[in-house]
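Peer 1: Input structure: coords_3.txt, which contains compact mmCIF, C-alpha atoms.
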```
# COMPACT_ATOMS: atom_id res chain seq x y z
CA MET A 1 8.91 6.29 16.09
CA SER A 2 11.47 3.76 17.29
CA GLY A 3 10.21 1.32 14.67
CA ALA A 4 10.37 3.78 11.78
CA LEU A 5 12.51 2.79 8.83
CA ALA A 6 14.81 4.94 6.75
CA GLU A 7 13.08 5.96 3.53
CA ARG A 8 15.44 3.91 1.37
CA VAL A 9 14.93 0.80 3.49
CA PHE A 10 11.15 1.26 3.36
CA ALA A 11 11.24 1.39 -0.44
CA GLU A 12 13.56 -1.64 -0.61
CA LYS A 13 11.21 -3.68 1.58
CA LEU A 14 8.30 -2.82 -0.70
CA GLY A 15 10.33 -3.94 -3.71
CA ARG A 16 11.25 -7.21 -2.01
CA ALA A 17 7.56 -7.78 -1.21
CA GLY A 18 6.84 -7.59 -4.95
CA PHE A 19 5.52 -4.04 -5.30
CA VAL A 20 6.38 -1.93 -8.34
CA GLU A 21 6.07 1.76 -9.25
CA ILE A 22 7.19 2.71 -5.73
CA TRP A 23 6.86 6.44 -5.02
CA VAL A 24 7.71 8.29 -1.82
CA GLY A 25 6.53 11.87 -1.39
CA GLY A 26 4.54 14.27 0.76
CA HIS A 27 7.51 14.78 3.08
CA GLN A 28 6.60 16.53 6.31
CA PRO A 29 9.04 17.09 9.20
CA TYR A 30 8.05 15.83 12.64
CA GLY A 31 9.77 17.42 15.61
CA ILE A 32 9.52 17.05 19.35
CA GLU A 33 6.73 19.61 19.63
CA ASP A 34 4.75 17.69 17.01
CA ALA A 35 5.29 14.44 18.92
CA ALA A 36 4.06 16.12 22.12
CA ARG A 37 0.60 16.50 20.53
CA TYR A 38 0.15 12.73 20.44
CA PRO A 39 -1.02 11.05 23.64
CA LEU A 40 1.09 7.99 22.79
CA PHE A 41 4.25 9.87 23.69
CA THR A 42 4.49 10.16 27.45
CA PRO A 43 5.53 13.52 28.96
CA GLU A 44 8.58 11.70 30.33
CA LEU A 45 9.65 10.61 26.84
CA ILE A 46 9.15 14.14 25.51
CA ASP A 47 11.44 15.41 28.27
CA VAL A 48 14.04 12.77 27.39
CA MET A 49 13.82 13.79 23.73
CA ARG A 50 14.39 17.46 24.61
CA THR A 51 17.52 16.47 26.51
CA ALA A 52 18.93 13.72 24.33
CA ILE A 53 18.29 15.06 20.83
CA ALA A 54 20.61 17.74 19.51
CA PRO A 55 18.99 21.19 19.41
CA ASP A 56 19.47 21.48 15.64
CA ARG A 57 17.53 18.22 15.14
CA GLN A 58 14.66 18.82 17.55
CA ALA A 59 12.34 20.30 14.91
CA HIS A 60 12.93 17.40 12.52
CA VAL A 61 13.37 14.10 14.36
CA ALA A 62 11.35 12.05 11.89
CA THR A 63 9.67 12.62 8.54
CA GLY A 64 6.09 11.90 7.65
CA VAL A 65 5.90 10.43 4.14
CA ILE A 66 3.34 9.00 1.77
CA VAL A 67 4.41 5.78 0.08
CA ARG A 68 2.54 4.68 -3.01
CA ALA A 69 3.12 1.49 -4.96
CA ARG A 70 1.31 -1.06 -7.06
CA LYS A 71 1.00 -4.84 -7.19
CA PRO A 72 1.81 -5.99 -10.72
CA ALA A 73 -1.26 -6.76 -12.84
CA MET B 74 21.58 -20.93 29.35
CA ALA B 75 21.89 -18.31 26.62
CA ARG B 76 18.99 -18.18 24.17
CA GLU B 77 19.50 -18.50 20.45
CA PRO B 78 19.41 -15.12 18.65
CA GLU B 79 16.27 -16.09 16.74
CA THR B 80 14.43 -16.82 19.99
CA ARG B 81 15.56 -13.51 21.45
CA ASP B 82 14.30 -11.70 18.33
CA LEU B 83 10.92 -13.40 18.58
CA MET B 84 10.64 -12.37 22.23
CA PHE B 85 11.56 -8.83 21.26
CA GLN B 86 8.81 -8.87 18.63
CA ASP B 87 6.27 -9.97 21.21
CA GLU B 88 7.47 -7.30 23.61
CA ILE B 89 7.02 -4.59 20.99
CA LYS B 90 3.57 -5.92 20.08
CA ASP B 91 2.50 -5.92 23.74
CA THR B 92 3.85 -2.41 24.24
CA VAL B 93 1.94 -1.07 21.25
CA LEU B 94 -1.28 -2.84 22.26
CA ARG B 95 -1.04 -1.57 25.84
CA ALA B 96 -0.36 1.99 24.71
CA TYR B 97 -3.25 2.14 22.24
CA GLY B 98 -5.55 0.39 24.70
CA ALA B 99 -4.76 2.90 27.42
CA ILE B 100 -5.11 6.26 25.68
CA GLU B 101 -8.27 8.19 26.43
CA THR B 102 -8.07 10.64 23.55
CA GLY B 103 -6.58 10.99 20.12
CA GLY B 104 -4.34 13.72 18.83
CA GLY B 105 -7.31 16.07 18.62
CA GLU B 106 -7.85 18.97 16.26
CA ALA B 107 -4.21 20.07 16.43
CA VAL B 108 -3.17 16.82 14.74
CA ALA B 109 -6.17 16.64 12.41
CA ARG B 110 -5.79 20.18 11.10
CA ARG B 111 -2.19 19.50 10.17
CA LEU B 112 -3.18 16.49 8.05
CA TYR B 113 -6.61 17.18 6.59
CA SER B 114 -8.25 20.09 4.77
CA GLU B 115 -11.29 21.92 6.13
CA GLU B 116 -13.39 20.17 3.48
CA GLU B 117 -12.11 16.75 4.51
CA LEU B 118 -12.70 17.44 8.21
CA ALA B 119 -16.26 18.49 7.40
CA GLU B 120 -16.85 15.00 5.94
CA VAL B 121 -16.28 13.18 9.24
CA PRO B 122 -17.88 13.45 12.68
CA SER B 123 -16.08 15.44 15.37
CA GLY B 124 -15.41 12.25 17.34
CA ALA B 125 -13.38 10.80 14.49
CA VAL B 126 -11.50 14.10 14.15
CA SER B 127 -10.62 14.11 17.85
CA TRP B 128 -9.26 10.56 17.56
CA ALA B 129 -6.92 11.36 14.66
CA LEU B 130 -3.56 9.77 15.39
CA GLY B 131 -2.04 9.60 11.92
CA VAL B 132 0.99 11.21 10.37
CA GLY B 133 -0.29 11.96 6.87
CA ASN B 134 -3.27 11.84 4.56
CA PRO B 135 -3.21 8.52 2.70
CA VAL B 136 -6.73 8.89 1.30
CA ARG B 137 -5.72 12.03 -0.59
CA TYR B 138 -2.97 10.08 -2.37
CA ALA B 139 -4.99 6.91 -2.95
CA PHE B 140 -7.09 8.40 -5.77
CA LEU B 141 -10.00 6.16 -4.83
CA GLN B 142 -12.70 5.52 -7.39
CA PRO B 143 -16.39 4.72 -6.86
CA GLY B 144 -16.92 0.98 -6.60
CA GLU B 145 -13.47 0.13 -5.27
CA THR B 146 -12.84 -1.94 -2.15
CA VAL B 147 -10.37 -0.28 0.22
CA LEU B 148 -8.72 -1.68 3.33
CA ASP B 149 -7.52 0.71 6.06
CA ILE B 150 -4.90 -1.01 8.21
CA GLY B 151 -4.87 0.25 11.79
CA SER B 152 -8.12 2.16 11.36
CA GLY B 153 -8.19 3.59 14.90
CA GLY B 154 -11.06 6.02 15.37
CA GLY B 155 -12.00 5.60 11.70
CA ILE B 156 -11.22 8.99 10.16
CA ASP B 157 -9.43 7.60 7.09
CA THR B 158 -11.83 4.68 6.68
CA ILE B 159 -14.77 7.10 6.63
CA LEU B 160 -13.06 9.43 4.14
CA ALA B 161 -12.28 6.38 1.99
CA ALA B 162 -15.87 5.12 2.28
CA ARG B 163 -17.17 8.46 1.00
CA ARG B 164 -14.93 8.20 -2.06
CA VAL B 165 -15.69 4.57 -3.00
CA GLY B 166 -19.41 5.07 -2.32
CA PRO B 167 -22.10 2.47 -1.65
CA GLU B 168 -21.16 0.52 -4.78
CA GLY B 169 -17.74 -0.03 -3.18
CA ALA B 170 -16.64 -1.10 0.27
CA ALA B 171 -14.41 0.24 3.03
CA ILE B 172 -12.88 -2.11 5.59
CA GLY B 173 -11.11 -0.91 8.72
CA LEU B 174 -8.73 -3.34 10.44
CA ASP B 175 -7.52 -2.84 14.00
CA VAL B 176 -6.35 -4.90 16.95
CA VAL B 177 -7.82 -2.69 19.67
CA GLU B 178 -11.42 -3.68 20.29
CA HIS B 179 -12.61 -0.41 21.76
CA MET B 180 -11.11 1.45 18.79
CA LEU B 181 -13.19 -0.78 16.51
CA GLU B 182 -16.33 0.02 18.50
CA ARG B 183 -15.54 3.71 18.42
CA ALA B 184 -14.93 3.63 14.67
CA ARG B 185 -18.21 1.77 14.05
CA GLY B 186 -20.03 4.52 15.91
CA HIS B 187 -18.30 7.22 13.88
CA ALA B 188 -19.13 5.42 10.61
CA ALA B 189 -22.79 5.14 11.62
CA GLU B 190 -22.83 8.83 12.48
CA SER B 191 -21.33 9.57 9.05
CA GLY B 192 -23.96 7.61 7.17
CA VAL B 193 -21.43 5.25 5.56
CA ALA B 194 -22.03 2.22 7.79
CA GLY B 195 -23.93 0.41 5.02
CA TRP B 196 -20.75 -0.19 3.04
CA THR B 197 -18.17 0.11 5.82
CA GLU B 198 -16.99 -2.71 8.05
CA PHE B 199 -14.52 -2.73 10.93
CA ILE B 200 -12.81 -6.03 11.62
CA SER B 201 -10.44 -7.25 14.30
CA GLY B 202 -7.03 -8.47 13.24
CA GLU B 203 -3.31 -7.90 12.91
CA MET B 204 -1.54 -6.39 9.93
CA GLU B 205 0.82 -9.38 9.94
CA ASP B 206 -2.11 -11.81 9.60
CA ILE B 207 -4.90 -9.99 7.76
CA PRO B 208 -8.18 -11.91 8.07
CA LEU B 209 -9.17 -11.41 4.43
CA PRO B 210 -8.93 -13.69 1.38
CA ASP B 211 -6.24 -13.38 -1.28
CA ALA B 212 -6.80 -10.67 -3.91
CA SER B 213 -9.90 -9.33 -2.15
CA VAL B 214 -9.22 -5.58 -2.10
CA ASP B 215 -8.30 -2.94 -4.69
CA VAL B 216 -6.49 -0.47 -2.45
CA VAL B 217 -4.74 -0.61 0.94
CA ILE B 218 -4.22 2.52 2.99
CA SER B 219 -2.74 3.05 6.44
CA ASN B 220 -1.70 6.01 8.53
CA GLY B 221 1.24 5.84 10.91
CA VAL B 222 0.86 2.14 11.46
CA LEU B 223 3.56 0.17 9.64
CA ASN B 224 6.26 1.63 11.89
CA LEU B 225 4.50 -0.03 14.84
CA SER B 226 5.04 -3.51 13.46
CA ALA B 227 7.95 -5.62 14.65
CA ARG B 228 7.45 -7.75 11.52
CA LYS B 229 7.25 -5.22 8.71
CA SER B 230 8.22 -7.60 5.91
CA ARG B 231 5.47 -9.96 7.03
CA ALA B 232 2.96 -7.08 7.12
CA LEU B 233 3.96 -5.99 3.61
CA ALA B 234 3.64 -9.58 2.37
CA GLU B 235 0.12 -9.71 3.82
CA ILE B 236 -0.81 -6.42 2.15
CA PHE B 237 0.52 -7.79 -1.14
CA ARG B 238 -1.50 -10.99 -0.69
CA VAL B 239 -4.87 -9.31 -0.09
CA LEU B 240 -4.45 -6.89 -3.00
CA GLY B 241 -5.81 -7.94 -6.36
CA PRO B 242 -3.60 -7.78 -9.48
CA GLY B 243 -2.89 -4.12 -10.24
CA GLY B 244 -3.98 -3.15 -6.73
CA ARG B 245 -2.29 -0.22 -5.07
CA ILE B 246 -1.19 1.09 -1.71
CA SER B 247 -1.08 4.56 -0.18
CA LEU B 248 0.66 4.39 3.17
CA ALA B 249 1.40 7.37 5.39
CA ASP B 250 4.19 6.63 7.82
CA LEU B 251 7.18 8.00 9.65
CA THR B 252 10.72 7.54 8.44
CA VAL B 253 13.84 8.21 10.46
CA GLU B 254 17.24 8.81 8.89
CA GLY B 255 20.14 7.80 11.10
CA GLU B 256 19.92 6.60 14.67
CA LEU B 257 17.72 7.95 17.44
CA PRO B 258 19.56 8.44 20.75
CA PRO B 259 19.40 5.13 22.66
CA GLU B 260 17.51 6.64 25.61
CA VAL B 261 14.79 7.66 23.11
CA ALA B 262 14.88 4.55 20.90
CA ASN B 263 14.65 2.21 23.88
CA ASP B 264 11.81 4.01 25.62
CA GLN B 265 8.68 1.86 25.38
CA SER B 266 6.41 4.76 24.46
CA ALA B 267 8.67 5.58 21.51
CA TRP B 268 7.72 2.19 20.06
CA ALA B 269 4.02 3.06 20.26
CA GLY B 270 4.20 6.68 19.12
```
For this file, write the structure as structure tokens.
Peer 2:
Amino acid sequence: MSGALAERVFAEKLGRAGFVEIWVGGHQPYGIEDAARYPLFTPELIDVMRTAIAPDRQAHVATGVIVRARKPA
Amino acid sequence: MAREPETRDLMFQDEIKDTVLRAYGAIETGGGEAVARRLYSEEELAEVPSGAVSWALGVGNPVRYAFLQPGETVLDIGSGGGIDTILAARRVGPEGAAIGLDVVEHMLERARGHAAESGVAGWTEFISGEMEDIPLPDASVDVVISNGVLNLSARKSRALAEIFRVLGPGGRISLADLTVEGELPPEVANDQSAWAG
């Protein structure tokens, strides 16, 4: 999660790589309770997140997206 | 003596890479059904063995948005337990090919077992390699998918350049990933496991 880009930056990087017809959709909020289902997040980090992240943001810390694009023909 | 910024950045990249490799090498289970049921339909889950379902670690469903066609060659970057590679293999069929790429050897072994169990092993291959240095020729695949993987790279522009290189003209990508708007609190952002998850 620490390496996740902002959506706009993600799309810009794709454009700079040469991709066209860039589409971002399928938005799905990821909160702390969602993160806790993944074994890659340690229980200690989940505890830190519950303390450090504002209550109104805890249900939507990150966003799952689908990014589609095409290499020019 | 103070190091040049570029050197520091390169060390930071290596540190992130090591952290991610250690984390994925150490886990003994995937996200399980709770993760899989959020991302895949009942019909999709019925297409893959339970082992692949239990090792689901993605954040979306890139195969659903890839609109794969029979005969296409698809590359799944960071294939993990193989759930998306197997779903992709079913859609491209034996006249196509599905390739899973991962850096964690025991994940590759696990995915090969799941593909064999699924009956798609004849046109599915799992290869070892990094997304920033994909061991495939130029213009060798039609579609690239990945699921929650690009955010793990410390060299995202390099990874995207590699994806672009291996795609043929007109080739397409369907990448599921996390985005974050604004800053994470530093105690979260700097935690090593937040780089792997």
Peer 1: Set the cut-off to 8 Å and count only C-alpha atoms: what are the residues of chain A that reach chain B? Output as a ChimeraX atom specification.
Peer 2: /A:1-7,13-14,17-19,35,37-42,45,48-49,52-53,61-73
Peer 1: Within 10 Å of (-13.0, 9.6, 15.4) (file coordinates; only C-alpha atoms), which protein or nucleic acid residues are there? I'd like them as a list in words.
Peer 2: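 The residues that fall inside the cut-off are Thr102, Gly103, Gly105, Val121, Pro122, Ser123, Gly124, Ala125, Val126, Ser127, Trp128, Ala129, Leu130, Ser152, Gly153, Gly154, Gly155, Ile156, Asp157, Ile159, Met180, Arg183, Ala184, Arg185, Gly186, His187 and Ala188 of chain B.
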Peer 1: Nearest residue to Glu178 (chain B) out of B:Glu115, B:Asp149, B:Glu203, B:Glu190, using only C-alpha atoms?
Peer 2: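 Of B:Glu115, B:Asp149, B:Glu203, B:Glu190, the one nearest Glu178 (chain B) is B:Glu203, counting only C-alpha atoms.
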Peer 1: Between CA of Ile172 (chain B) and CA of Val214 (chain B), what is the distance in Å, rounded to a tenth?
Peer 2: 9.2 Å
Peer 1: Just to confirm, what's the straight-line distance from CA of Ala109 (chain B) to CA of Gly26 (chain A) in Å (one decimal)?
Peer 2: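 Computed distance, CA of Ala109 (chain B) to CA of Gly26 (chain A), equals 16.0 Å.
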Peer 1: At a cut-off of 6 Å, using only C-alpha atoms, what residues contact Gly31 (chain A)? Leave out same-chain residues fewer than 4 positions from it and give the result as a PyMOL selection string.
Peer 2: chain A and resi 58-61
Peer 1: Quick one: pull the distance between CA of Gly195 (chain B) and CA of Pro208 (chain B), Å, one decimal.
Peer 2: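 Interatomic distance here is 20.2 Å.
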Peer 1: What's around Arg164 (chain B) at 12 Å? Count only C-alpha atoms, leave out sequence neighbours fewer than 2 positions away in its own chain, and write the answer as a PyMOL selection string.
Peer 2: chain B and resi 117+120+136-137+139-147+157-162+166-171+193+196-197
